[in-house]
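Asks: Next up is a structure, given as structure tokens.
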Amino acid sequence: DYCIILAAFKEAANLNATIQPATADTFIVESGKTANENAAAYLAIQPLAAARDFSVLSFNFHTLVPAGATITKATLSLYFTVVAASRTITVSRLLRTDWVDTQLTWNIYKTGSNWTTAGILSDGNDFTSTDAATAASLAAEGWQTWNVLNQVKTAFASVSGVAHFLVADVGDTADALNKFAGNTYSLLYLHPQLYIEYTVPGGTPTSASFLLRMI
């Protein structure tokens, strides 16, 4: 005798989320240590000694990626409008996660709270280079991308699903200004973007059948 048993299984669902624009963004200016640049349409990166610029962004994805998901890909995309070729742009994880975009300057990350080292320069306190991502700067205007998977996975696990990034050129102190479109840039589709792919258990049902011989 034979018995046919039907069984249903569920495969993990492959999903994605795009966050655009950034939840918050701004940049800091060494030559204007108390200036807040939150209203600027662009964000700047400049390694020139005594005139450095660094940019910071955050992306809140906690309502888009459900608890229990496994993040498999994360890409930060910035549209550069001013480029200096042959540079290395580094995206590091910002550790001061309570920064305020309308208050942040070279000296402080919010009113009454100083960076450990002015200019977001303390590795291990203000930012961490442990899981930093790098990419060569562009030779012409366009989109630049970074693989920020490890940073986003940490944000998902430890920072309530909010990724905080520091974008900088930490190479030699040449005059090499790069600018990218920020949240107030006139063309909305060029605003900063974070793309995430993830899987969740118990996705699409699939079926299978087994033929058993009864002895």
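Naming scheme: A, B, ... for chains in displayed order of the structure tokens; residues 1 onward per chain; ligands 1 onward as shown.
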Just want the 10 Å neighbourhood of Trp146 of chain A, counted on only C-alpha atoms, with same-chain residues fewer than 2 positions away dropped. Output as a list of chain:residue names.
Replies: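 Neighbouring residues, sequence-local ones excluded: A:Ala74, A:Thr75, A:Leu76, A:Ser77, A:Leu78, A:Ile89, A:Thr90, A:Val91, A:Ala132, A:Ala133, A:Thr134, A:Ala135, A:Ala136, A:Gln144, A:Val148, A:Leu149, A:Leu194.
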Asks: Set the distance at 12 Å and use only C-alpha atoms: which residues neighbour segment 101-107 of chain A once local chain neighbours fewer than 2 positions away are removed? I'd like the list as number ranges by chain.
Replies: A: 22-40, 50-58, 96-99, 109-121, 126, 164, 183
Asks: Just give me the gap between atom CA of Val152 of chain A and atom CA of Val200 of chain A in Å, one decimal is fine.
Replies: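 Separation of atom CA of Val152 of chain A and atom CA of Val200 of chain A: 16.3 Å.
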Asks: Please determine, counting only C-alpha atoms, which residue among A:Arg93, A:Ser86, A:Thr72, A:Leu188 has the shortest atom-to-atom distance to Ala163 of chain A.
Replies: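 Looking only at the distances to Ala163 of chain A, the closest residue turns out to be A:Arg93.
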Asks: DSSP on the backbone, then: every residue of segment 27-208 of chain A marked strand (DSSP E), written as a PyMOL selection string.
Replies: chain A and resi 27-29+42-45+53-60+70-82+88-94+108-110+113-114+127-136+142-147+162-168+178-181+193-200+205-208
Asks: One decimal, Å: what's the distance from atom CA of Ser129 of chain A over to atom CA of Leu166 of chain A, could you say?
Replies: 9.9 Å
Asks: Interatomic distance between atom CA of Ala157 of chain A and atom CA of Tyr79 of chain A?
Replies: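 One can read the atom CA of Ala157 of chain A to atom CA of Tyr79 of chain A distance as 28.0 Å.
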Asks: As a short mmCIF file (atom, residue, chain, number, x, y, z; two decimals) with N, CA and C atoms, in the first residue's frame, please: the residues near Thr63 of chain A (cut-off 12 Å, only C-alpha atoms, same-chain neighbours under 5 positions excluded).
Replies:
```cif
data_model
loop_
_atom_site.label_atom_id
_atom_site.label_comp_id
_atom_site.auth_asym_id
_atom_site.auth_seq_id
_atom_site.Cartn_x
_atom_site.Cartn_y
_atom_site.Cartn_z
N ALA A 17 13.85 47.75 0.71
CA ALA A 17 13.32 49.04 1.14
C ALA A 17 14.28 50.14 0.69
N THR A 18 13.72 51.25 0.27
CA THR A 18 14.52 52.41 -0.12
C THR A 18 14.11 53.60 0.72
N ILE A 19 15.09 54.24 1.34
CA ILE A 19 14.83 55.44 2.14
C ILE A 19 15.43 56.62 1.40
N ALA A 69 14.05 40.18 10.72
CA ALA A 69 14.58 40.14 9.36
C ALA A 69 16.10 39.97 9.38
N PHE A 156 20.57 48.21 12.77
CA PHE A 156 19.37 47.41 12.94
C PHE A 156 19.37 46.70 14.29
N SER A 160 18.23 50.95 17.05
CA SER A 160 16.79 51.07 16.78
C SER A 160 16.47 51.30 15.31
N GLY A 161 17.29 50.75 14.43
CA GLY A 161 17.01 50.85 13.01
C GLY A 161 17.26 52.22 12.42
N VAL A 162 18.23 52.94 12.96
CA VAL A 162 18.62 54.24 12.39
C VAL A 162 20.11 54.19 12.10
#
```
Asks: Rank nothing, just name the residue among A:Ala176, A:Phe80, A:Ser158, A:Asn60 nearest to Leu48 of chain A, using only C-alpha atoms.
Replies: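 Checking each of A:Ala176, A:Phe80, A:Ser158, A:Asn60 against Leu48 of chain A, counting only C-alpha atoms, the winner is A:Ala176.
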Asks: Could you give me, as a ChimeraX atom specification, each residue of segment 1-193 of chain A that DSSP assigns to helix (DSSP H, G or I) when run on this structure's backbone?
Replies: /A:30-32,149-158,188-190
Asks: Keeping N, CA and C atoms, export the residues of the selection given above as an mmCIF file, in the first residue's frame.
Replies:
```cif
data_model
loop_
_atom_site.group_PDB
_atom_site.id
_atom_site.type_symbol
_atom_site.label_atom_id
_atom_site.label_comp_id
_atom_site.auth_asym_id
_atom_site.auth_seq_id
_atom_site.Cartn_x
_atom_site.Cartn_y
_atom_site.Cartn_z
ATOM 1 N N GLU A 30 35.404 73.473 9.035
ATOM 2 C CA GLU A 30 36.502 73.816 9.931
ATOM 3 C C GLU A 30 36.764 75.319 9.942
ATOM 4 N N SER A 31 36.579 75.973 8.811
ATOM 5 C CA SER A 31 36.847 77.410 8.731
ATOM 6 C C SER A 31 35.736 78.248 9.358
ATOM 7 N N GLY A 32 34.646 77.599 9.746
ATOM 8 C CA GLY A 32 33.553 78.277 10.436
ATOM 9 C C GLY A 32 33.039 77.367 11.533
ATOM 10 N N LEU A 149 26.709 47.523 4.299
ATOM 11 C CA LEU A 149 25.968 46.421 4.903
ATOM 12 C C LEU A 149 26.273 46.275 6.395
ATOM 13 N N ASN A 150 27.541 46.231 6.761
ATOM 14 C CA ASN A 150 27.883 45.999 8.168
ATOM 15 C C ASN A 150 27.410 47.147 9.052
ATOM 16 N N GLN A 151 27.490 48.361 8.545
ATOM 17 C CA GLN A 151 27.029 49.502 9.335
ATOM 18 C C GLN A 151 25.514 49.454 9.541
ATOM 19 N N VAL A 152 24.793 49.086 8.503
ATOM 20 C CA VAL A 152 23.329 49.027 8.609
ATOM 21 C C VAL A 152 22.897 47.858 9.500
ATOM 22 N N LYS A 153 23.589 46.739 9.423
ATOM 23 C CA LYS A 153 23.268 45.614 10.302
ATOM 24 C C LYS A 153 23.467 45.996 11.765
ATOM 25 N N THR A 154 24.502 46.771 12.052
ATOM 26 C CA THR A 154 24.721 47.246 13.418
ATOM 27 C C THR A 154 23.608 48.201 13.835
ATOM 28 N N ALA A 155 23.213 49.084 12.934
ATOM 29 C CA ALA A 155 22.124 50.016 13.230
ATOM 30 C C ALA A 155 20.828 49.263 13.521
ATOM 31 N N PHE A 156 20.573 48.205 12.769
ATOM 32 C CA PHE A 156 19.366 47.407 12.944
ATOM 33 C C PHE A 156 19.370 46.702 14.294
ATOM 34 N N ALA A 157 20.537 46.206 14.684
ATOM 35 C CA ALA A 157 20.638 45.426 15.918
ATOM 36 C C ALA A 157 20.768 46.289 17.165
ATOM 37 N N SER A 158 21.406 47.467 17.022
ATOM 38 C CA SER A 158 21.806 48.206 18.225
ATOM 39 C C SER A 158 21.364 49.662 18.284
ATOM 40 N N LEU A 188 14.422 66.398 -6.346
ATOM 41 C CA LEU A 188 14.158 65.455 -5.263
ATOM 42 C C LEU A 188 14.751 64.073 -5.527
ATOM 43 N N TYR A 189 14.773 63.643 -6.786
ATOM 44 C CA TYR A 189 15.246 62.288 -7.091
ATOM 45 C C TYR A 189 16.767 62.155 -6.940
ATOM 46 N N LEU A 190 17.448 63.259 -6.692
ATOM 47 C CA LEU A 190 18.898 63.224 -6.468
ATOM 48 C C LEU A 190 19.259 63.319 -4.980
#
```
Asks: When distances are computed from only C-alpha atoms, which of A:Thr128, A:Ala13, A:Phe165, A:Phe59 shows the smallest separation from Ile71 of chain A?
Replies: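 With only C-alpha atoms as the atom set, the closest residue is A:Ala13.
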Asks: Smallest atom-to-atom distance to Leu15 of chain A: which of A:Thr173, A:Asn147, A:Thr70, A:Asn125, using only C-alpha atoms?
Replies: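 Using only C-alpha atoms, the shortest distance to Leu15 of chain A belongs to A:Thr70.
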Asks: In terms of the shortest atom-to-atom distance over only C-alpha atoms, which of A:Asn14, A:Ser92, A:Ala44, A:Pro21 is closest to Glu197 of chain A?
Replies: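 The answer is A:Asn14, which sits nearest to Glu197 of chain A.
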